[in-house]
Protein chains: 2
Amino acid sequence: MTKRILLNAFDMGCAGHQSPGLWAHPDDQSLRYNDVNYWVELAQLLEKGKFDGLFLADVVGVYDVYQGSQDTAIREGVQIPVNDPLLLVPAMAQATEHLSFGLTYTLTYEQPYTLARRFSTLDHLTKGRVAWNIVCSYLDSAARNYGLDRQIGHDNRYELAEEFLEVSYKLWEGSWEDDAVKHDKTSRVFADPEKVHAINHDGAFYKVQGIHLCDPSPQGTPVLYQAGASPRGRKFAARHAECVFVAGPTPQIVRKTVDDIRLKADENGRGADSVKVFTVFTPIVGRTEEEAKQKYEEQKSYISYDGALALLGGWTGIDFSQFSPDQTLEYIENDAMRSSVEVFTTADPNRRWTVEELAKHVGLGGRGPLVVGSPEQVADELERWVREADVDGFNIAYTLAPGTFEDFVELVVPILQDRGLVQHEYEQGTYREKLFGHGKVKLPDTHTGTQYRKGKTLQHI
Amino acid sequence: MTKRILLNAFDMGCAGHQSPGLWAHPDDQSLRYNDVNYWVELAQLLEKGKFDGLFLADVVGVYDVYQGSQDTAIREGVQIPVNDPLLLVPAMAQATEHLSFGLTYTLTYEQPYTLARRFSTLDHLTKGRVAWNIVCSYLDSAARNYGLDRQIGHDNRYELAEEFLEVSYKLWEGSWEDDAVKHDKTSRVFADPEKVHAINHDGAFYKVQGIHLCDPSPQGTPVLYQAGASPRGRKFAARHAECVFVAGPTPQIVRKTVDDIRLKADENGRGADSVKVFTVFTPIVGRTEEEAKQKYEEQKSYISYDGALALLGGWTGIDFSQFSPDQTLEYIENDAMRSSVEVFTTADPNRRWTVEELAKHVGLGGRGPLVVGSPEQVADELERWVREADVDGFNIAYTLAPGTFEDFVELVVPILQDRGLVQHEYEQGTYREKLFGHGKVKLPDTHTGTQYRKGKTLQHI
């Protein structure tokens, strides 16, 4: 049987998300980012199109590497301003029944006690349709808003993240037993205190004594996403993530990461298929190839060159203003933080990318492939990516919002449905069940988070 | 002209809020606290009844003073579990047009950079209908969830709160000028970088370098509530609060606090009427006095004696389990933290309250008056309170949810409307305009928060 393709829409609480400049396109509505009805309409569109989820990115800083200034990001509206992603969800949840929500949230500057409550509240309000994309903040400009001169060192960020997750699991899995809540109006017992446990966490970064503030939400631990592509990030993902979000311009490049993630998850005793891998994919689709190409040419003229390089500057730490637009990329030094550039320089050994070409590419949807074509051609490409990159699904990025999603829902989804590749109807149940199968409501026993459940041996796996 | 009475519903992201045990009443629906539709239905009911706002309380700990244990709070469901109040708002905002939202949130364990973004996001999503009830957390059990052995000292909490507010004002009032955002599709200018300012805050508690993550929301600074009744709390309120929430069993007791708040606000150059004062008020209303009394007798039988003392233990720091139910209160020592008891002992010099009487009183709606009567009698009492306590409005507490509010909307609001005491229709505009008048969208110039606006002299008032 063919593997079902999982579909997320990829967005953020801002205008133009990964298409800098496109907010100025007459058909783009992403300037409505402050309007709750904009988000509700988007969620309803996605549910109509049987999307599995809406994945929201986030940053808590400004892209200020390009030209050593935040001015470009502000002038071009490059992911700033940006609203809190969690607060966009409740109205969308109320207006939908099945659509799930993947929410990027940096743990670096949060208290686990409070963030765990926020996710449990959302898991309740969505009836189990929420996922957390765990992020260790990567911007110096973010760190400087939290009393630090620069971001915490890369590996230390992951040590802190490991303990943050440990506290969160204790709250989500270990504090309230599943049958603690009675809500018994006859005996007038709200909950059984014997089944509610203080977590008494005393670690290197956090001390958290009490019980979780929320009773067990449908999923307990929300579905966990992770997006770190570094070796340390992949180790973290293999241990914690149920879904991984990767990005790359070709299936071959993404495949290397996917294989490594599956191998590491298997080594962790979780099984190679325990992790669903999503990759970013930007479609410009027309009723014909010709129409799609016209759209592409027209949209391309709205790309902000400076905005794209501001975005790339934030992602890579490289100030591209030092290079002329026709500079080729292989002359730019790479290190781990500069992987966004590296993947382009190595994508095709026969192609020499210039800075301008990179900006133009990133300017329509970011680091993934941009596929311009007829509905069939786009569907073919999605199929090819699943086959060649071994991914489970896609974060569909937009060039125009909600136009990209409207086109995809109207033109591409029916073809994928006809091919048996995406769902005709939603499965019942929580997000985790929809991803992994009926009855799989909570973390599986093989997941490290379950060691903190009552009755499990409390030792590190 | 008679002063309009402002009406808030008083609730919390939990069951039974201030009526411990009443969740077990067959008519109570507050066990639906995890259901987003429950909140949407409540908001729609309140808007139908022309309530100004829904005021949500919060705690981030458990009431564990009574019997030195959290077990009573858990067994009786005394404000635990409790969902994040901010996340309850967006769906309610989407389902209403005019109802405002007063949201209690402890600043003690938050980062101002992130909390400011959350409130700005909410102010955007609600189109300017949000207020923050500023709280310095008062529970040791909360502190122990954030790496501390006990809560920060009382006055230090307010020093930290002062700086937290300073940072917040800088972000809300000083970072993005009102005309910074252009959203100009023709010139392709999203925002003018010259009008967006890094706040460069470097203080004793917080260092925050960057620009605010959100563009200017309708109100900028949300409407500010404060509820501290201590001398230091009142000083803080007189400086920052636009609305103050007080509680007491008689108008005379509340009047002392109200007079002091108005005097201090006036001394701060803000004017005695710059602060709207709300007091808690719990109605049990029937079509007749007789019907109301029957309801009272019936509801009283659901009060949890232990639950009420668990609540009182948290509020006062006194473990009432050391006293027998017939112990009279004047033998209980008082200090500033024990004001909840003090107001009852001094409420009527001729009355001797026992512990049991106190528990029974607090068990139906908390520290305010419980008024049992016909619609006219309840309306009369509200009028008397406004006259005698000089309050501007009420936080209407429930004994049954949403029954108390249904009765109030159906039976009491029409009488108050006939008397010209509450609004027949909503005013247009933001919450601040609805409170203070058309055009008063942002903080008034006399408010300390405005000193951080561009062009104002940046010095402390």
# chains A, B, ... in the order shown; residues from 1 in each chain; ligands from 1
>>> interface_residues(of="chain B", to="chain A", cutoff="7 Å", atoms="only C-alpha atoms", output="number ranges by chain")
B: 24, 34-36, 71, 74-77, 80-84, 87, 90-91, 94, 113, 117-118, 121, 124-125, 144-147, 185, 188-193, 206-210, 213-215
>>> residues_around(residues="stretch 376-383 of chain A", least_positions_apart="2", cutoff="9 Å", atoms="only C-alpha atoms", output="list in words")
Ile5, Phe281, Pro283, Ile284, Val285, Glu289, Val371, Val372, Gly373, Ser374, Trp385, Val386, Arg387, Glu388, Gly393, Phe394, Leu411, Val412, Val413, Ile415, Leu416 and Leu421 of chain A
>>> select_by_dssp(residues="stretch 51-92 of chain B", states="strand (DSSP E)", output="list in words")
Gly53, Leu54, Phe55, Leu56 and Ala57 of chain B
>>> write_last_selection(atoms="N, CA, C and O atoms", output="compact mmCIF listing (two decimals), in the first residue's frame")
# COMPACT_ATOMS: atom_id res chain seq x y z
N GLY B 53 -17.23 43.39 30.54
CA GLY B 53 -16.09 42.51 30.39
C GLY B 53 -16.23 41.18 31.10
O GLY B 53 -17.13 40.96 31.91
N LEU B 54 -15.33 40.30 30.73
CA LEU B 54 -15.12 39.06 31.47
C LEU B 54 -13.76 39.18 32.13
O LEU B 54 -12.75 39.41 31.44
N PHE B 55 -13.74 39.08 33.44
CA PHE B 55 -12.50 39.22 34.19
C PHE B 55 -12.07 37.83 34.65
O PHE B 55 -12.81 37.15 35.36
N LEU B 56 -10.88 37.41 34.22
CA LEU B 56 -10.39 36.07 34.57
C LEU B 56 -9.28 36.15 35.59
O LEU B 56 -8.26 36.80 35.37
N ALA B 57 -9.49 35.48 36.72
CA ALA B 57 -8.45 35.36 37.75
C ALA B 57 -7.45 34.28 37.34
O ALA B 57 -7.64 33.57 36.36
>>> closest_residue(among="A:Ala237, A:Ala43, A:Val258, A:Ala292", to="A:Ser100", atoms="only C-alpha atoms")
A:Ala43
>>> atom_distance(atom1="atom CA of B:Ser274", atom2="atom CA of B:Pro231")
19.0 Å
>>> atom_distance(atom1="atom CA of A:Glu47", atom2="atom CA of A:Glu298")
28.6 Å
>>> atom_distance(atom1="atom CA of A:Gly368", atom2="atom CA of A:Gln18")
10.4 Å
>>> residues_around(residues="B:Lys264", least_positions_apart="5", cutoff="12 Å", atoms="only C-alpha atoms", output="list in words")
Pro231, Arg232, Gly233, Arg234, Lys235, Phe236, Ala237, Ala238, Arg239, His240, Ala241, Thr257, Val258, Asp259, Gly269, Arg270, Gly271, Ala272, Asp273, Ser274 and Val275 of chain B
>>> write_last_selection(atoms="all heavy atoms", output="short mmCIF file (atom, residue, chain, number, x, y, z; two decimals), in the first residue's frame")
data_model
loop_
_atom_site.label_atom_id
_atom_site.label_comp_id
_atom_site.auth_asym_id
_atom_site.auth_seq_id
_atom_site.Cartn_x
_atom_site.Cartn_y
_atom_site.Cartn_z
N PRO B 231 -0.69 48.48 51.43
CA PRO B 231 -0.23 49.86 51.18
C PRO B 231 0.69 49.94 49.96
O PRO B 231 0.53 50.82 49.10
CB PRO B 231 0.51 50.21 52.47
CG PRO B 231 -0.16 49.38 53.52
CD PRO B 231 -0.53 48.09 52.84
N ARG B 232 1.64 49.01 49.85
CA ARG B 232 2.54 49.04 48.69
C ARG B 232 1.78 48.75 47.40
O ARG B 232 2.05 49.35 46.36
CB ARG B 232 3.67 48.01 48.89
CG ARG B 232 4.75 48.04 47.83
CD ARG B 232 5.56 49.33 47.88
NE ARG B 232 6.50 49.42 46.74
CZ ARG B 232 6.17 49.86 45.54
NH1 ARG B 232 4.92 50.23 45.27
NH2 ARG B 232 7.10 49.95 44.58
N GLY B 233 0.81 47.86 47.50
CA GLY B 233 -0.03 47.55 46.34
C GLY B 233 -0.84 48.75 45.89
O GLY B 233 -0.98 49.02 44.70
N ARG B 234 -1.36 49.50 46.85
CA ARG B 234 -2.15 50.68 46.49
C ARG B 234 -1.29 51.76 45.85
O ARG B 234 -1.72 52.45 44.94
CB ARG B 234 -2.83 51.25 47.73
CG ARG B 234 -4.01 50.42 48.17
CD ARG B 234 -4.72 51.10 49.31
NE ARG B 234 -5.23 50.12 50.25
CZ ARG B 234 -5.75 50.42 51.43
NH1 ARG B 234 -5.81 51.68 51.83
NH2 ARG B 234 -6.18 49.47 52.22
N LYS B 235 -0.06 51.90 46.35
CA LYS B 235 0.86 52.87 45.76
C LYS B 235 1.13 52.49 44.30
O LYS B 235 1.16 53.34 43.40
CB LYS B 235 2.17 52.88 46.57
CG LYS B 235 3.12 53.99 46.21
CD LYS B 235 4.37 53.96 47.11
CE LYS B 235 5.53 54.64 46.40
NZ LYS B 235 6.83 54.28 46.98
N PHE B 236 1.34 51.21 44.08
CA PHE B 236 1.56 50.70 42.73
C PHE B 236 0.33 50.96 41.86
O PHE B 236 0.43 51.42 40.72
CB PHE B 236 1.85 49.19 42.82
CG PHE B 236 2.20 48.54 41.52
CD1 PHE B 236 3.51 48.50 41.06
CD2 PHE B 236 1.22 47.95 40.73
CE1 PHE B 236 3.83 47.89 39.86
CE2 PHE B 236 1.53 47.33 39.53
CZ PHE B 236 2.85 47.31 39.10
N ALA B 237 -0.84 50.69 42.42
CA ALA B 237 -2.09 50.89 41.68
C ALA B 237 -2.28 52.36 41.32
O ALA B 237 -2.68 52.69 40.20
CB ALA B 237 -3.27 50.38 42.50
N ALA B 238 -2.01 53.24 42.27
CA ALA B 238 -2.22 54.67 42.04
C ALA B 238 -1.35 55.18 40.90
O ALA B 238 -1.69 56.13 40.20
CB ALA B 238 -1.94 55.45 43.31
N ARG B 239 -0.20 54.53 40.73
CA ARG B 239 0.72 54.93 39.68
C ARG B 239 0.38 54.30 38.32
O ARG B 239 0.47 54.97 37.30
CB ARG B 239 2.13 54.50 40.12
CG ARG B 239 3.27 54.91 39.26
CD ARG B 239 4.57 54.59 40.01
NE ARG B 239 5.67 54.38 39.10
CZ ARG B 239 6.38 55.34 38.54
NH1 ARG B 239 6.11 56.60 38.82
NH2 ARG B 239 7.36 55.06 37.71
N HIS B 240 0.00 53.05 38.33
CA HIS B 240 -0.14 52.29 37.07
C HIS B 240 -1.57 51.94 36.68
O HIS B 240 -1.88 51.88 35.50
CB HIS B 240 0.66 50.99 37.17
CG HIS B 240 2.12 51.17 37.37
ND1 HIS B 240 2.96 51.57 36.36
CD2 HIS B 240 2.90 51.05 38.48
CE1 HIS B 240 4.21 51.66 36.84
NE2 HIS B 240 4.19 51.36 38.12
N ALA B 241 -2.41 51.66 37.67
CA ALA B 241 -3.69 51.03 37.35
C ALA B 241 -4.69 52.02 36.78
O ALA B 241 -4.80 53.15 37.24
CB ALA B 241 -4.27 50.36 38.59
N THR B 257 -10.71 51.72 51.17
CA THR B 257 -9.73 51.43 50.13
C THR B 257 -9.94 52.32 48.92
O THR B 257 -8.99 52.86 48.34
CB THR B 257 -9.82 49.94 49.71
OG1 THR B 257 -9.77 49.13 50.88
CG2 THR B 257 -8.69 49.56 48.79
N VAL B 258 -11.19 52.47 48.53
CA VAL B 258 -11.51 53.27 47.34
C VAL B 258 -11.05 54.71 47.54
O VAL B 258 -10.40 55.30 46.65
CB VAL B 258 -13.03 53.21 47.04
CG1 VAL B 258 -13.37 54.15 45.88
CG2 VAL B 258 -13.46 51.79 46.72
N ASP B 259 -11.37 55.29 48.69
CA ASP B 259 -10.97 56.67 48.96
C ASP B 259 -9.45 56.82 48.87
O ASP B 259 -8.93 57.79 48.30
CB ASP B 259 -11.44 57.10 50.35
CG ASP B 259 -12.94 57.40 50.39
OD1 ASP B 259 -13.55 57.48 49.29
OD2 ASP B 259 -13.49 57.53 51.50
N GLY B 269 -1.19 63.05 40.12
CA GLY B 269 -1.50 63.93 38.99
C GLY B 269 -2.44 63.33 37.97
O GLY B 269 -2.54 63.82 36.85
N ARG B 270 -3.10 62.26 38.34
CA ARG B 270 -3.94 61.56 37.37
C ARG B 270 -5.42 61.91 37.52
O ARG B 270 -6.21 61.59 36.65
CB ARG B 270 -3.74 60.04 37.50
CG ARG B 270 -2.30 59.59 37.23
CD ARG B 270 -2.14 58.10 37.47
NE ARG B 270 -3.04 57.33 36.63
CZ ARG B 270 -3.42 56.09 36.90
NH1 ARG B 270 -3.00 55.48 37.98
NH2 ARG B 270 -4.25 55.46 36.09
N GLY B 271 -5.80 62.49 38.64
CA GLY B 271 -7.22 62.75 38.88
C GLY B 271 -7.88 61.59 39.61
O GLY B 271 -7.58 60.42 39.34
N ALA B 272 -8.79 61.95 40.53
CA ALA B 272 -9.42 60.93 41.37
C ALA B 272 -10.29 59.97 40.56
O ALA B 272 -10.50 58.82 40.95
CB ALA B 272 -10.27 61.60 42.47
N ASP B 273 -10.79 60.42 39.42
CA ASP B 273 -11.66 59.57 38.62
C ASP B 273 -10.91 58.85 37.50
O ASP B 273 -11.52 58.24 36.62
CB ASP B 273 -12.81 60.40 38.02
CG ASP B 273 -13.73 60.91 39.11
OD1 ASP B 273 -13.85 60.23 40.14
OD2 ASP B 273 -14.32 62.00 38.91
N SER B 274 -9.58 58.96 37.53
CA SER B 274 -8.80 58.29 36.49
C SER B 274 -8.79 56.78 36.69
O SER B 274 -8.38 56.04 35.81
CB SER B 274 -7.36 58.80 36.49
OG SER B 274 -6.72 58.47 37.71
N VAL B 275 -9.21 56.35 37.89
CA VAL B 275 -9.20 54.92 38.19
C VAL B 275 -10.64 54.44 38.38
O VAL B 275 -11.40 55.01 39.16
CB VAL B 275 -8.38 54.64 39.48
CG1 VAL B 275 -8.45 53.16 39.84
CG2 VAL B 275 -6.94 55.07 39.28
#
